[in-house]
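Trainee: query-v1.txt is the file, holding compact mmCIF, C-alpha atoms:
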```txt
# COMPACT_ATOMS: atom_id res chain seq x y z
CA MET A 1 102.19 177.59 43.25
CA THR A 2 101.52 175.36 40.22
CA ALA A 3 102.04 171.63 40.45
CA ASP A 4 105.01 170.14 38.66
CA PRO A 5 103.83 168.21 35.58
CA ASN A 6 106.27 165.46 36.49
CA PRO A 7 106.07 165.07 40.30
CA SER A 8 107.85 161.72 40.18
CA ARG A 9 110.93 163.52 38.86
CA LEU A 10 110.93 165.97 41.78
CA GLN A 11 110.64 163.14 44.27
CA PHE A 12 113.44 161.33 42.47
CA VAL A 13 115.76 164.36 42.69
CA HIS A 14 115.00 165.16 46.31
CA SER A 15 115.42 161.59 47.51
CA GLY A 16 118.83 161.53 45.84
CA GLU A 17 119.90 164.62 47.77
CA GLN A 18 119.35 162.83 51.10
CA ALA A 19 121.23 159.69 50.13
CA SER A 20 124.84 158.79 50.89
CA THR A 21 127.89 158.40 48.68
CA GLU A 22 129.36 155.79 51.04
CA GLN A 23 129.06 152.83 48.64
CA LEU A 24 130.44 154.77 45.67
CA ASP A 25 133.31 156.05 47.81
CA ARG A 26 134.25 152.46 48.73
CA TRP A 27 134.30 151.38 45.09
CA LEU A 28 136.36 154.41 44.09
CA ALA A 29 138.83 153.86 46.93
CA GLU A 30 139.28 150.33 45.55
CA LEU A 31 139.80 151.75 42.06
CA VAL A 32 142.50 154.11 43.34
CA SER A 33 144.27 151.43 45.42
CA ARG A 34 144.44 149.14 42.37
CA HIS A 35 145.66 151.96 40.09
CA GLY A 36 142.67 151.41 37.81
CA SER A 37 141.33 153.80 35.19
CA ASP A 38 137.56 153.19 35.25
CA LEU A 39 134.79 151.91 37.51
CA LEU A 40 132.01 150.16 35.56
CA LEU A 41 128.58 149.74 37.14
CA VAL A 42 126.25 147.79 34.85
CA PRO A 43 122.98 146.05 35.81
CA ASN A 44 123.16 142.27 36.26
CA ALA A 45 126.98 142.38 36.60
CA PRO A 46 129.19 142.96 39.65
CA ALA A 47 131.05 146.24 40.10
CA SER A 48 134.21 146.12 37.98
CA VAL A 49 137.33 148.19 37.49
CA ARG A 50 139.55 148.51 34.43
CA ILE A 51 143.22 147.89 35.20
CA GLU A 52 145.69 148.27 32.32
CA GLY A 53 142.92 147.55 29.85
CA SER A 54 141.50 144.46 31.58
CA LEU A 55 138.30 144.26 33.65
CA VAL A 56 138.47 142.96 37.22
CA ASN A 57 135.42 142.32 39.43
CA ILE A 58 135.49 144.08 42.80
CA GLY A 59 131.98 143.03 43.85
CA SER A 60 130.68 139.55 44.50
CA ALA A 61 127.02 140.00 43.55
CA PRO A 62 125.40 141.39 40.38
CA LEU A 63 124.04 144.91 40.79
CA THR A 64 120.53 146.12 40.03
CA GLY A 65 119.80 149.40 38.30
CA GLU A 66 118.24 150.68 41.53
CA GLN A 67 121.44 149.94 43.46
CA ILE A 68 123.55 151.74 40.87
CA GLU A 69 121.28 154.78 40.85
CA ALA A 70 121.20 154.93 44.66
CA ALA A 71 125.00 154.75 44.83
CA VAL A 72 125.84 157.25 42.08
CA LEU A 73 123.02 159.80 42.08
CA PRO A 74 124.05 161.52 45.37
CA ALA A 75 127.52 162.20 43.94
CA LEU A 76 126.16 164.29 41.07
CA ALA A 77 126.05 168.06 41.30
CA PRO A 78 122.47 169.29 41.94
CA TYR A 79 122.08 170.75 38.43
CA THR A 80 123.37 167.54 36.87
CA ARG A 81 121.07 165.46 39.09
CA GLU A 82 118.08 167.35 37.75
CA LEU A 83 119.42 166.90 34.22
CA TYR A 84 119.51 163.15 34.77
CA GLY A 85 115.95 163.28 36.07
CA ASP A 86 114.87 165.01 32.88
CA ARG A 87 117.03 163.31 30.24
CA GLN A 88 118.17 160.07 31.89
CA ILE A 89 121.83 160.82 31.13
CA ALA A 90 124.30 163.16 32.84
CA ASP A 91 128.01 163.85 33.34
CA SER A 92 129.54 165.29 36.49
CA SER A 93 132.87 165.53 38.28
CA TYR A 94 133.34 164.11 41.77
CA ARG A 95 136.04 164.38 44.41
CA LEU A 96 136.82 161.99 47.26
CA PRO A 97 137.92 163.40 50.66
CA SER A 98 141.41 162.14 49.71
CA GLY A 99 141.44 164.66 46.85
CA ASP A 100 141.21 162.05 44.07
CA ARG A 101 138.95 163.28 41.27
CA PHE A 102 136.63 161.43 38.89
CA ARG A 103 134.32 161.97 35.93
CA ILE A 104 130.93 160.31 36.34
CA ASN A 105 128.63 159.35 33.48
CA LEU A 106 125.25 158.13 34.76
CA HIS A 107 122.98 156.81 32.01
CA ARG A 108 120.34 154.22 31.19
CA GLU A 109 120.67 150.92 29.38
CA ARG A 110 117.91 148.38 28.88
CA ARG A 111 115.62 150.60 31.01
CA GLN A 112 117.93 150.51 34.03
CA ALA A 113 120.57 152.85 35.45
CA ALA A 114 124.24 152.23 34.63
CA ALA A 115 127.37 154.28 35.26
CA THR A 116 130.99 154.67 34.19
CA VAL A 117 133.32 156.55 36.51
CA ARG A 118 136.75 157.53 35.18
CA ALA A 119 139.69 158.42 37.39
CA LEU A 120 141.03 161.87 36.50
CA PRO A 121 144.77 162.53 36.61
CA SER A 122 146.14 164.60 39.47
CA ARG A 123 148.93 166.15 37.37
CA VAL A 124 148.61 168.17 34.19
CA PRO A 125 150.72 166.54 31.47
CA THR A 126 153.38 168.29 29.42
CA LEU A 127 153.54 167.96 25.66
CA SER A 128 156.70 165.87 26.01
CA ASP A 129 154.83 163.51 28.38
CA LEU A 130 152.35 162.79 25.59
CA HIS A 131 155.01 161.96 22.95
CA LEU A 132 153.19 164.11 20.42
CA PRO A 133 155.10 165.25 17.32
CA ALA A 134 157.34 168.20 18.18
CA GLY A 135 155.44 170.54 15.85
CA VAL A 136 152.34 170.46 18.09
CA ALA A 137 154.09 172.82 20.53
CA ALA A 138 153.71 175.61 17.94
CA LEU A 139 149.99 175.73 18.73
CA ALA A 140 150.74 177.20 22.15
CA LYS A 141 152.52 180.14 20.50
CA ILE A 142 149.58 181.20 18.32
CA GLN A 143 148.24 184.57 19.45
CA ARG A 144 144.73 184.59 17.97
CA GLY A 145 142.31 182.49 15.96
CA LEU A 146 140.53 179.15 16.29
CA VAL A 147 142.55 175.98 16.93
CA ILE A 148 140.60 172.73 16.59
CA ILE A 149 141.82 169.38 17.90
CA GLY A 150 140.07 166.46 16.21
CA GLY A 151 140.06 162.75 16.89
CA ALA A 152 137.86 159.81 17.81
CA THR A 153 136.57 159.25 21.34
CA GLY A 154 139.49 158.19 23.52
CA SER A 155 142.16 159.62 21.22
CA GLY A 156 143.47 162.03 23.87
CA LYS A 157 142.01 165.32 22.61
CA THR A 158 141.24 166.66 26.11
CA THR A 159 144.69 165.65 27.34
CA THR A 160 146.34 167.47 24.44
CA LEU A 161 144.24 170.57 25.22
CA ALA A 162 145.39 170.44 28.84
CA ALA A 163 149.03 170.09 27.80
CA LEU A 164 148.73 173.12 25.48
CA VAL A 165 147.18 175.20 28.27
CA ASN A 166 150.00 174.06 30.54
CA GLU A 167 152.56 175.10 27.90
CA ILE A 168 151.09 178.61 27.74
CA ASN A 169 150.84 178.75 31.53
CA GLN A 170 154.54 177.92 31.93
CA HIS A 171 155.83 180.44 29.39
CA GLU A 172 153.38 183.35 28.97
CA ALA A 173 151.44 185.74 31.18
CA ARG A 174 147.95 185.37 29.72
CA HIS A 175 144.40 185.24 31.05
CA ILE A 176 142.98 181.82 30.21
CA VAL A 177 139.34 180.76 30.65
CA THR A 178 138.44 177.09 30.19
CA ILE A 179 134.85 175.86 29.80
CA GLU A 180 134.54 172.12 30.35
CA ASP A 181 131.97 169.40 31.00
CA PRO A 182 133.32 168.30 33.38
CA ILE A 183 136.75 169.71 34.35
CA GLU A 184 139.27 166.91 33.84
CA TYR A 185 142.59 168.62 34.61
CA GLU A 186 142.96 171.27 37.32
CA HIS A 187 145.52 173.94 36.44
CA LYS A 188 147.52 176.00 38.92
CA HIS A 189 148.28 179.64 38.24
CA GLU A 190 151.89 179.92 37.04
CA LEU A 191 152.74 182.78 34.68
CA SER A 192 149.14 182.83 33.49
CA ILE A 193 145.89 183.34 35.39
CA ILE A 194 143.52 180.42 34.67
CA GLU A 195 139.79 180.36 35.37
CA GLN A 196 138.06 176.98 34.94
CA VAL A 197 134.29 176.93 34.43
CA GLU A 198 132.46 173.62 34.85
CA ILE A 199 129.17 173.13 33.03
CA GLY A 200 126.42 172.15 35.45
CA ILE A 201 128.21 173.65 38.45
CA ASP A 202 129.49 177.10 37.44
CA ALA A 203 127.28 177.66 34.38
CA PRO A 204 124.26 175.90 32.82
CA ASP A 205 125.63 175.30 29.31
CA PHE A 206 128.39 176.14 26.82
CA PRO A 207 126.71 179.11 25.05
CA VAL A 208 125.92 180.92 28.32
CA SER A 209 129.39 180.36 29.76
CA LEU A 210 131.12 181.29 26.50
CA ARG A 211 129.22 184.58 26.26
CA ALA A 212 130.14 185.30 29.89
CA ALA A 213 133.80 184.46 29.23
CA LEU A 214 133.98 187.10 26.49
CA ARG A 215 133.12 189.74 29.13
CA GLN A 216 136.01 188.61 31.34
CA ALA A 217 138.81 190.00 29.13
CA PRO A 218 140.40 186.62 28.30
CA ASP A 219 143.39 186.16 26.02
CA VAL A 220 142.76 182.42 25.61
CA ILE A 221 139.43 180.55 25.73
CA VAL A 222 139.22 176.76 25.87
CA VAL A 223 135.84 175.31 24.87
CA GLY A 224 135.85 171.62 25.82
CA GLU A 225 133.71 170.70 22.82
CA MET A 226 131.70 172.56 20.19
CA ARG A 227 128.48 170.60 20.67
CA ASP A 228 125.91 172.87 19.06
CA PRO A 229 125.65 175.61 16.42
CA GLU A 230 125.27 178.38 19.00
CA THR A 231 128.51 177.45 20.77
CA THR A 232 130.23 177.21 17.38
CA ARG A 233 128.94 180.61 16.29
CA ILE A 234 130.20 182.33 19.44
CA ALA A 235 133.57 180.54 19.28
CA LEU A 236 134.06 181.61 15.65
CA SER A 237 133.16 185.20 16.55
CA ALA A 238 135.59 185.19 19.49
CA ALA A 239 138.39 183.88 17.27
CA GLU A 240 137.68 186.52 14.62
CA THR A 241 137.80 189.33 17.18
CA GLY A 242 141.30 188.61 18.47
CA HIS A 243 141.00 185.81 21.01
CA LEU A 244 142.85 182.51 20.85
CA VAL A 245 140.18 179.78 21.06
CA PHE A 246 140.95 176.09 21.52
CA THR A 247 138.27 173.42 21.09
CA THR A 248 137.75 169.77 20.11
CA LEU A 249 135.65 167.86 17.58
CA HIS A 250 135.09 164.19 16.76
CA THR A 251 136.75 164.36 13.33
CA THR A 252 139.61 162.58 11.58
CA ASP A 253 141.20 165.17 9.27
CA ALA A 254 141.04 168.83 8.25
CA ALA A 255 138.38 168.30 5.57
CA SER A 256 136.02 166.42 7.88
CA THR A 257 136.56 169.09 10.55
CA VAL A 258 135.37 171.87 8.25
CA SER A 259 132.48 169.73 6.96
CA ARG A 260 131.36 168.80 10.46
CA ILE A 261 131.14 172.44 11.52
CA ALA A 262 129.39 173.68 8.37
CA ASP A 263 126.95 170.76 8.31
CA SER A 264 125.79 171.54 11.85
CA PHE A 265 124.11 174.69 10.48
CA PRO A 266 121.03 174.98 8.23
CA LEU A 267 121.82 174.72 4.52
CA GLU A 268 121.20 178.41 3.89
CA ARG A 269 123.80 179.35 6.55
CA GLN A 270 126.57 176.97 5.50
CA HIS A 271 128.22 179.25 2.93
CA SER A 272 128.52 182.12 5.41
CA VAL A 273 129.76 179.75 8.12
CA ARG A 274 132.54 178.51 5.81
CA ALA A 275 133.47 182.14 5.16
CA GLU A 276 133.66 182.74 8.91
CA MET A 277 135.79 179.63 9.37
CA ALA A 278 138.12 180.75 6.59
CA MET A 279 138.74 183.95 8.57
CA ALA A 280 138.83 182.47 12.06
CA LEU A 281 140.77 179.20 11.72
CA ALA A 282 144.42 179.25 12.73
CA ALA A 283 145.19 175.52 12.87
CA MET A 284 143.59 172.07 12.77
CA LEU A 285 145.23 169.16 14.56
CA THR A 286 143.85 165.62 14.32
CA GLN A 287 145.26 162.75 16.34
CA THR A 288 144.86 159.04 17.01
CA LEU A 289 146.27 156.69 19.64
CA ILE A 290 147.97 153.55 18.33
CA PRO A 291 149.20 150.46 20.23
CA ARG A 292 153.00 150.62 20.29
CA LYS A 293 155.29 147.65 19.71
CA ASN A 294 156.44 147.40 23.32
CA GLY A 295 153.10 147.98 25.02
CA GLY A 296 151.02 151.04 25.78
CA ARG A 297 149.77 153.50 23.18
CA ILE A 298 151.40 156.37 21.33
CA PRO A 299 149.83 159.24 19.35
CA ALA A 300 150.15 159.87 15.65
CA ALA A 301 148.90 163.23 14.41
CA GLU A 302 148.35 165.54 11.48
CA LEU A 303 148.59 169.34 11.65
CA LEU A 304 147.46 171.97 9.19
CA MET A 305 148.56 175.52 9.94
CA VAL A 306 145.86 177.45 8.09
CA GLY A 307 147.25 179.88 5.50
CA TYR A 308 145.99 181.77 2.48
CA GLY A 309 145.51 178.70 0.29
CA ALA A 310 143.56 176.75 2.91
CA ARG A 311 141.33 179.76 3.56
CA GLN A 312 140.44 179.94 -0.13
CA HIS A 313 139.65 176.21 -0.28
CA ILE A 314 137.44 176.46 2.82
CA ARG A 315 135.60 179.48 1.45
CA LYS A 316 134.96 177.70 -1.87
CA ASN A 317 134.13 174.37 -0.17
CA ALA A 318 136.97 172.73 -2.13
CA LEU A 319 137.93 170.67 0.90
CA GLN A 320 139.59 167.90 -1.13
CA HIS A 321 142.53 170.28 -1.59
CA LEU A 322 143.21 170.80 2.12
CA HIS A 323 145.51 167.77 2.34
CA GLN A 324 147.90 169.23 -0.24
CA GLU A 325 147.97 172.48 1.77
CA ILE A 326 149.71 170.56 4.56
CA THR A 327 152.67 169.94 2.25
CA ILE A 328 152.62 173.52 0.95
CA THR A 329 152.69 174.98 4.51
CA ARG A 330 155.30 172.59 5.93
CA LYS A 331 157.61 175.55 6.62
CA GLN A 332 154.89 177.06 8.80
CA GLY A 333 154.78 173.87 10.89
CA SER A 334 152.26 171.65 9.10
CA PHE A 335 152.84 167.89 8.86
CA THR A 336 150.85 164.94 7.53
CA LEU A 337 149.65 161.86 9.39
CA GLU A 338 151.93 159.82 7.14
CA GLU A 339 154.97 161.86 8.20
CA SER A 340 154.01 161.29 11.84
CA LEU A 341 153.58 157.54 11.26
CA ALA A 342 156.86 157.30 9.36
CA GLN A 343 158.68 158.91 12.26
CA LEU A 344 157.20 156.37 14.67
CA VAL A 345 158.36 153.50 12.45
CA ILE A 346 161.85 155.00 12.26
CA GLN A 347 161.90 155.32 16.06
CA ASN A 348 160.88 151.61 16.33
CA GLU A 349 157.63 152.50 18.09
CA LEU A 350 155.45 150.98 15.34
CA SER A 351 155.89 148.21 12.81
CA ARG A 352 155.76 149.14 9.14
CA ASP A 353 152.60 147.03 8.67
CA ASP A 354 150.78 148.68 11.60
CA ALA A 355 151.67 152.12 10.29
CA MET A 356 150.38 151.28 6.81
CA THR A 357 146.99 150.19 8.19
CA ARG A 358 146.63 153.53 10.00
CA ALA A 359 147.60 155.76 7.08
CA MET A 360 144.99 157.84 5.24
CA HIS A 361 147.32 157.96 2.21
CA PRO A 362 149.28 154.65 2.28
CA GLU A 363 151.14 155.42 -0.94
CA ASP A 364 152.62 158.56 0.66
CA LEU A 365 153.71 156.61 3.72
CA ASP A 366 155.26 153.91 1.53
CA MET A 367 157.35 156.53 -0.29
CA LEU A 368 158.46 158.15 2.98
CA LEU A 369 159.54 154.83 4.47
CA LYS A 370 161.34 153.65 1.33
CA ALA A 371 163.24 156.93 1.28
CA LYS A 372 164.52 156.09 4.77
CA GLY A 373 165.31 152.47 3.95
CA PHE A 374 162.26 150.89 5.59
```
Produce structure tokens that represent the structure in this file.
Mentor:
Amino acid sequence: MTADPNPSRLQFVHSGEQASTEQLDRWLAELVSRHGSDLLLVPNAPASVRIEGSLVNIGSAPLTGEQIEAAVLPALAPYTRELYGDRQIADSSYRLPSGDRFRINLHRERRQAAATVRALPSRVPTLSDLHLPAGVAALAKIQRGLVIIGGATGSGKTTTLAALVNEINQHEARHIVTIEDPIEYEHKHELSIIEQVEIGIDAPDFPVSLRAALRQAPDVIVVGEMRDPETTRIALSAAETGHLVFTTLHTTDAASTVSRIADSFPLERQHSVRAEMAMALAAMLTQTLIPRKNGGRIPAAELLMVGYGARQHIRKNALQHLHQEITITRKQGSFTLEESLAQLVIQNELSRDDAMTRAMHPEDLDMLLKAKGF
């Protein structure tokens, strides 16, 4: 048997397997009892929880990186623990004996271990719970093609995906396979049969699990995020061959969504990738969360239902014309961010000034609001 070139890593992984999650469990129980959203473990600071946006200390003494690593490492799945040993960053899900679930991100900062642990919701939201524009529900009725949900980190993309899966589950008998890293919402079988694959526990990565999913006769495939060209290639192929594929990207509008996908491939492949996207895309939704007037946050969104015109613009890389396609395909369900913002102003959820600062096309929003007397 050959020696491992990095024996310190093996010792690091094995020692973690023998350790206890007792300290982490205590912190997480405190997080749950205080109805917090996140546990933050950062070197040279006490353990803290985020409650309604504010940070509250739940420890009296500053933590060291060694203490954080010792507390969090045993909670990681074995595959993810090895990944952290190799790359010094890893994500994993975790469940307390009470049933409460969490997403763990263990990473390094200033050469020491640090962690953020997010509480995961116990109930899958409905589209009405999220206060998304009514037209978003049409995405759950699409039968085939690629549906991309874009938005910045923290804009609610994963939550919207879960709500769309829930919508299908409540109204159609379909076989749904989700591939996530980690699983954030656990779905129950209703009219649909839902299989949920977690990267690092059920499969090693997105390409492997996506190829496997295609052999499981799914009607709907949910890819938590298209992180690499290989995952993107398989997702496009699946959408072209009759599957409904949902996924997310860190993008802000339809044009940047197409650019982001094409640019992830070598230059010589980008033309053919745009041609594949033109065939595969069914819809592109982008969303953002905005502070509302009376507290909390509310989403504003933009939706392009991809039709003939949009396909031609994507194929020709004339992406500057995609915005006008939203207006042209309004009867098919498309709507602009400015229409979404205008509706929120009319409903007294946002001030006119706040809406104007969020608009991509302020002049369009100004016209919409003036037409309604705002």
Trainee: A:Ser60, A:Thr286, A:Trp27, A:Arg87: which is nearest A:Val117, counting all atoms listed in the file?
Mentor: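 Checking each of A:Ser60, A:Thr286, A:Trp27, A:Arg87 against A:Val117, counting all atoms listed in the file, the winner is A:Trp27.
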Trainee: Just to confirm, what's the straight-line distance from atom CA of A:Leu285 to atom CA of A:Arg358 in Å (one decimal)?
Mentor: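 Taking atom CA of A:Leu285 and atom CA of A:Arg358, their separation equals 16.3 Å.
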Trainee: As lines of an AutoDock Vina configuration file, what would the box around stretch 69-77 of chain A look like: edges along x, y and z, 6 Å added on every side, centre and edge lengths in Å to one decimal?
Mentor:
```
center_x = 124.4
center_y = 161.4
center_z = 43.1
size_x = 18.3
size_y = 25.3
size_z = 16.5
```
Trainee: Between A:Leu249, A:Leu236, A:Leu83, A:Ile168, single out the one closest to A:Asp219, counting only C-alpha atoms.
Mentor: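 Once distances to A:Asp219 are computed over only C-alpha atoms, the minimum belongs to A:Ile168.
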Trainee: Could you tell me how far atom CA of A:Arg269 sits from atom CA of A:Ile234, in Å to one decimal place?
Mentor: 14.7 Å
